[in-house]
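Structure below is work_28.csv: CSV, C-alpha atoms.
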chain,number,residue,atom,x,y,z
A,1,MET,CA,15.8,-7.7,13.1
A,2,SER,CA,19.3,-6.7,12.4
A,3,TYR,CA,21.9,-9.4,11.8
A,4,PRO,CA,25.6,-9.2,12.0
A,5,VAL,CA,27.8,-9.0,8.9
A,6,ILE,CA,31.5,-9.9,9.4
A,7,GLU,CA,34.2,-9.1,6.9
A,8,THR,CA,37.7,-10.6,6.7
A,9,ALA,CA,40.4,-10.0,4.1
A,10,ARG,CA,38.7,-12.2,1.5
A,11,LEU,CA,35.3,-13.0,2.9
A,12,ILE,CA,31.9,-11.8,4.0
A,13,LEU,CA,30.0,-13.8,6.6
A,14,ARG,CA,26.3,-13.0,6.7
A,15,VAL,CA,23.0,-14.8,7.5
A,16,PRO,CA,21.8,-17.3,4.9
A,17,GLU,CA,19.5,-16.0,2.2
A,18,ALA,CA,17.2,-17.7,-0.3
A,19,ALA,CA,19.6,-16.8,-3.0
A,20,ASP,CA,22.2,-19.2,-1.5
A,21,LEU,CA,20.1,-22.2,-2.3
A,22,ASP,CA,21.5,-23.3,-5.6
A,23,ASP,CA,25.1,-23.2,-4.4
A,24,TRP,CA,24.2,-24.8,-1.1
A,25,CYS,CA,22.5,-27.6,-3.1
A,26,ALA,CA,25.7,-28.1,-5.1
A,27,MET,CA,27.6,-28.5,-1.8
A,28,THR,CA,25.1,-30.9,-0.2
A,29,ALA,CA,25.0,-33.0,-3.4
A,30,ASP,CA,28.7,-33.6,-3.3
A,31,GLU,CA,29.4,-37.0,-1.7
A,32,ALA,CA,33.0,-36.3,-0.6
A,33,THR,CA,32.0,-33.0,1.0
A,34,MET,CA,29.0,-34.4,2.8
A,35,ARG,CA,30.5,-37.7,3.9
A,36,PHE,CA,31.1,-36.5,7.5
A,37,ILE,CA,28.3,-33.9,7.8
A,38,GLY,CA,25.1,-35.8,7.5
A,39,GLY,CA,25.4,-37.3,4.0
A,40,THR,CA,24.2,-36.0,0.7
A,41,THR,CA,20.8,-34.2,0.5
A,42,GLY,CA,18.5,-33.3,-2.3
A,43,ARG,CA,17.1,-29.8,-3.0
A,44,SER,CA,14.1,-30.1,-0.7
A,45,GLY,CA,16.3,-31.3,2.2
A,46,THR,CA,18.8,-28.6,1.5
A,47,TRP,CA,16.1,-26.0,1.5
A,48,ARG,CA,15.1,-27.2,5.0
A,49,GLN,CA,18.7,-26.9,6.2
A,50,LEU,CA,18.9,-23.3,4.9
A,51,CYS,CA,15.6,-22.5,6.6
A,52,ALA,CA,16.7,-24.1,9.8
A,53,MET,CA,19.9,-22.0,9.8
A,54,ARG,CA,17.9,-18.8,9.1
A,55,GLY,CA,15.3,-19.8,11.7
A,56,ALA,CA,17.9,-20.4,14.3
A,57,TRP,CA,19.1,-16.8,13.8
A,58,ALA,CA,15.5,-15.6,14.6
A,59,ILE,CA,15.0,-18.0,17.5
A,60,ARG,CA,18.5,-18.2,19.2
A,61,GLY,CA,20.1,-15.1,17.8
A,62,TYR,CA,22.9,-17.0,16.1
A,63,ALA,CA,23.6,-19.8,13.7
A,64,MET,CA,26.0,-20.5,10.9
A,65,PHE,CA,26.8,-17.8,8.5
A,66,SER,CA,26.8,-18.0,4.7
A,67,VAL,CA,30.3,-17.4,3.7
A,68,ILE,CA,30.7,-15.2,0.5
A,69,ASP,CA,33.8,-14.6,-1.5
A,70,LYS,CA,34.4,-10.8,-1.6
A,71,ALA,CA,36.1,-10.8,-5.0
A,72,SER,CA,33.4,-12.8,-6.9
A,73,GLY,CA,30.3,-12.8,-4.7
A,74,ALA,CA,30.3,-16.6,-4.8
A,75,TRP,CA,28.8,-18.6,-2.0
A,76,ILE,CA,31.6,-20.6,-0.4
A,77,GLY,CA,29.9,-22.5,2.3
A,78,ARG,CA,28.4,-22.2,5.8
A,79,ILE,CA,30.5,-21.7,8.9
A,80,GLY,CA,29.8,-20.5,12.4
A,81,PRO,CA,27.9,-21.1,15.6
A,82,TRP,CA,25.5,-24.0,15.8
A,83,GLU,CA,23.7,-25.3,18.9
A,84,PRO,CA,20.5,-27.2,18.0
A,85,GLU,CA,18.5,-28.7,20.9
A,86,ASP,CA,20.4,-31.5,22.7
A,87,TRP,CA,23.6,-30.7,20.9
A,88,PRO,CA,26.7,-31.7,23.0
A,89,GLY,CA,27.9,-28.1,23.3
A,90,LYS,CA,28.2,-24.7,21.7
A,91,GLU,CA,29.8,-25.5,18.3
A,92,VAL,CA,31.5,-23.5,15.6
A,93,GLY,CA,31.1,-25.9,12.6
A,94,TRP,CA,32.0,-25.7,8.9
A,95,GLY,CA,31.1,-27.0,5.5
A,96,VAL,CA,32.7,-25.6,2.4
A,97,SER,CA,31.9,-26.2,-1.3
A,98,PRO,CA,34.5,-28.4,-2.9
A,99,ARG,CA,35.3,-25.8,-5.5
A,100,PHE,CA,36.7,-23.6,-2.7
A,101,ALA,CA,38.4,-26.2,-0.5
A,102,GLY,CA,42.1,-26.1,0.1
A,103,ARG,CA,42.5,-22.3,-0.1
A,104,GLY,CA,42.5,-21.5,3.6
A,105,LEU,CA,39.0,-20.0,3.4
A,106,ALA,CA,37.5,-22.3,6.0
A,107,HIS,CA,40.2,-21.3,8.4
A,108,GLU,CA,39.7,-17.6,7.7
A,109,ALA,CA,36.0,-17.9,8.2
A,110,ALA,CA,36.3,-20.1,11.3
A,111,VAL,CA,38.7,-17.6,13.0
A,112,ALA,CA,36.1,-14.8,12.4
A,113,ALA,CA,33.3,-17.0,13.7
A,114,ILE,CA,35.2,-18.0,16.8
A,115,ASP,CA,36.1,-14.4,17.5
A,116,TYR,CA,32.3,-13.6,17.1
A,117,VAL,CA,31.1,-16.3,19.5
A,118,PHE,CA,33.6,-15.3,22.2
A,119,ASP,CA,33.4,-11.5,21.8
A,120,ALA,CA,29.8,-10.9,20.7
A,121,LEU,CA,28.0,-13.9,22.1
A,122,GLY,CA,30.1,-14.2,25.3
A,123,TRP,CA,30.7,-18.0,25.0
A,124,ASP,CA,33.2,-19.4,27.4
A,125,GLU,CA,34.0,-22.4,25.3
A,126,VAL,CA,33.6,-23.7,21.8
A,127,ILE,CA,33.6,-27.2,20.3
A,128,HIS,CA,33.8,-28.7,16.8
A,129,VAL,CA,32.0,-32.1,16.4
A,130,ILE,CA,34.2,-34.2,14.1
A,131,ASP,CA,34.2,-37.8,12.9
A,132,PRO,CA,37.6,-39.3,13.8
A,133,ALA,CA,38.1,-40.2,10.1
A,134,ASN,CA,37.6,-36.6,8.9
A,135,THR,CA,41.3,-35.7,8.7
A,136,ARG,CA,40.7,-32.4,7.0
A,137,SER,CA,38.4,-31.1,9.7
A,138,ILE,CA,40.7,-32.4,12.4
A,139,ALA,CA,43.6,-30.5,10.8
A,140,LEU,CA,41.5,-27.3,10.7
A,141,ALA,CA,40.5,-27.8,14.4
A,142,GLN,CA,44.1,-28.2,15.3
A,143,ARG,CA,45.2,-25.2,13.3
A,144,LEU,CA,42.5,-23.2,15.2
A,145,GLY,CA,44.1,-24.4,18.5
A,146,SER,CA,41.4,-26.9,19.5
A,147,THR,CA,42.3,-30.2,21.2
A,148,ASN,CA,40.4,-33.5,21.1
A,149,ARG,CA,38.2,-33.7,24.3
A,150,GLY,CA,37.1,-37.2,23.4
A,151,PRO,CA,34.0,-39.0,22.1
A,152,THR,CA,30.6,-37.3,22.3
A,153,ARG,CA,27.1,-38.1,21.2
A,154,LEU,CA,24.8,-36.2,18.8
A,155,PRO,CA,21.0,-36.2,19.1
A,156,GLU,CA,18.7,-38.1,16.8
A,157,PRO,CA,18.8,-38.7,13.8
A,158,PHE,CA,22.6,-38.5,14.1
A,159,HIS,CA,22.9,-40.5,17.4
A,160,GLU,CA,24.7,-43.4,15.8
A,161,ALA,CA,27.5,-41.2,14.4
A,162,VAL,CA,30.9,-41.7,15.8
A,163,VAL,CA,32.2,-38.2,16.7
A,164,ASP,CA,34.7,-36.5,18.9
A,165,ALA,CA,34.3,-33.0,20.5
A,166,TRP,CA,37.3,-30.9,19.7
A,167,GLY,CA,37.4,-27.6,21.6
A,168,GLN,CA,39.0,-24.8,23.5
A,169,SER,CA,38.2,-22.1,26.0
A,170,ALA,CA,37.8,-18.4,25.3
A,171,ALA,CA,40.8,-17.8,27.5
A,172,ASP,CA,43.0,-20.1,25.5
A,173,TRP,CA,41.7,-18.7,22.2
A,174,ARG,CA,42.5,-15.1,23.3
A,175,ALA,CA,45.9,-16.0,24.6
A,176,ARG,CA,46.8,-17.6,21.3
A,177,ARG,CA,45.4,-14.6,19.3
A,178,ALA,CA,47.4,-12.2,21.4
A,179,ARG,CA,50.7,-13.7,20.4
Spit out the file's structure as structure tokens when you get a sec.
Amino acid sequence: MSYPVIETARLILRVPEAADLDDWCAMTADEATMRFIGGTTGRSGTWRQLCAMRGAWAIRGYAMFSVIDKASGAWIGRIGPWEPEDWPGKEVGWGVSPRFAGRGLAHEAAVAAIDYVFDALGWDEVIHVIDPANTRSIALAQRLGSTNRGPTRLPEPFHEAVVDAWGQSAADWRARRAR
């Protein structure tokens, strides 16, 4: 099976690989990073996350990309389409290693991922599921042009999480990108 590879000015977005595990583990062990995206996870749990992402590529034909720094080859995080069973919509989500936070890399990767879901996958809308206390993710969603569509509910085991669905249509995205 052939998988997409997307390049931006500073990044490569590709399917997750086993070689990503150590850096993925470092991200999922960081309490501040994981506070709003499921909590910290040990190595075996992180392995299952990586396998779920890779498996979703095989089953659905899309999932989050591993984001790689072009200059160094370092794994930055995972960003892209995500729609597990019973999810509240077609999401482009993100999680970035703390050592790469604050450099605009999540924005750059999210723009590429949103272009991909609208242009290659043909989605009509995209959401971002965000805890109302996650001000950094809210700022990124706003920078991407998404608006708060209100509270939504995640499936188990995350069903008790308080989250909002931020989102926008493909038409709105394209109109903003054309400016």
Considering all atoms listed in the file, return as a PDB file with C-alpha atoms, keeping the file's coordinate frame whatever protein or nucleic-acid residues lie within 6 Å of Thr152 in chain A, sequence-local ones (same chain, fewer than 6 positions apart) excluded.
ATOM      1  CA  VAL A 163      32.200 -38.200  16.700  1.00  0.00           C
ATOM      2  CA  ASP A 164      34.700 -36.500  18.900  1.00  0.00           C
ATOM      3  CA  ALA A 165      34.300 -33.000  20.500  1.00  0.00           C
TER       4      ALA A 165
END
Contacts of Gly95 in chain A within 9 Å, all atoms listed in the file, excl. fewer than 3 positions in-chain, as a ChimeraX atom specification: /A:27,33-34,37,76-79,106
Pairwise distance for CA of Thr147 in chain A and CA of Ala178 in chain A, rounded to one decimal in Å: 18.7 Å
Nearest-residue call for Pro132 in chain A, choices A:Trp82, A:Trp87, A:Tyr3, A:Trp166, using only C-alpha atoms: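 Looking at the shortest contact to Pro132 in chain A, the residue is A:Trp166.
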Selection near Leu154 in chain A, 8 Å with all atoms listed in the file, sequence-local residues under 2 positions removed, as JSON, numbers by chain: {"A": [86, 87, 88, 152, 156, 158, 159, 160, 161, 163]}
From A:Ile114, A:Leu13, A:Met64, A:Ala74, residue lying nearest Trp94 in chain A [only C-alpha atoms]: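 Closest to Trp94 in chain A, using only C-alpha atoms: A:Met64.
One finds CA of Ala52 in chain A at 20.5 Å from CA of Ile6 in chain A.
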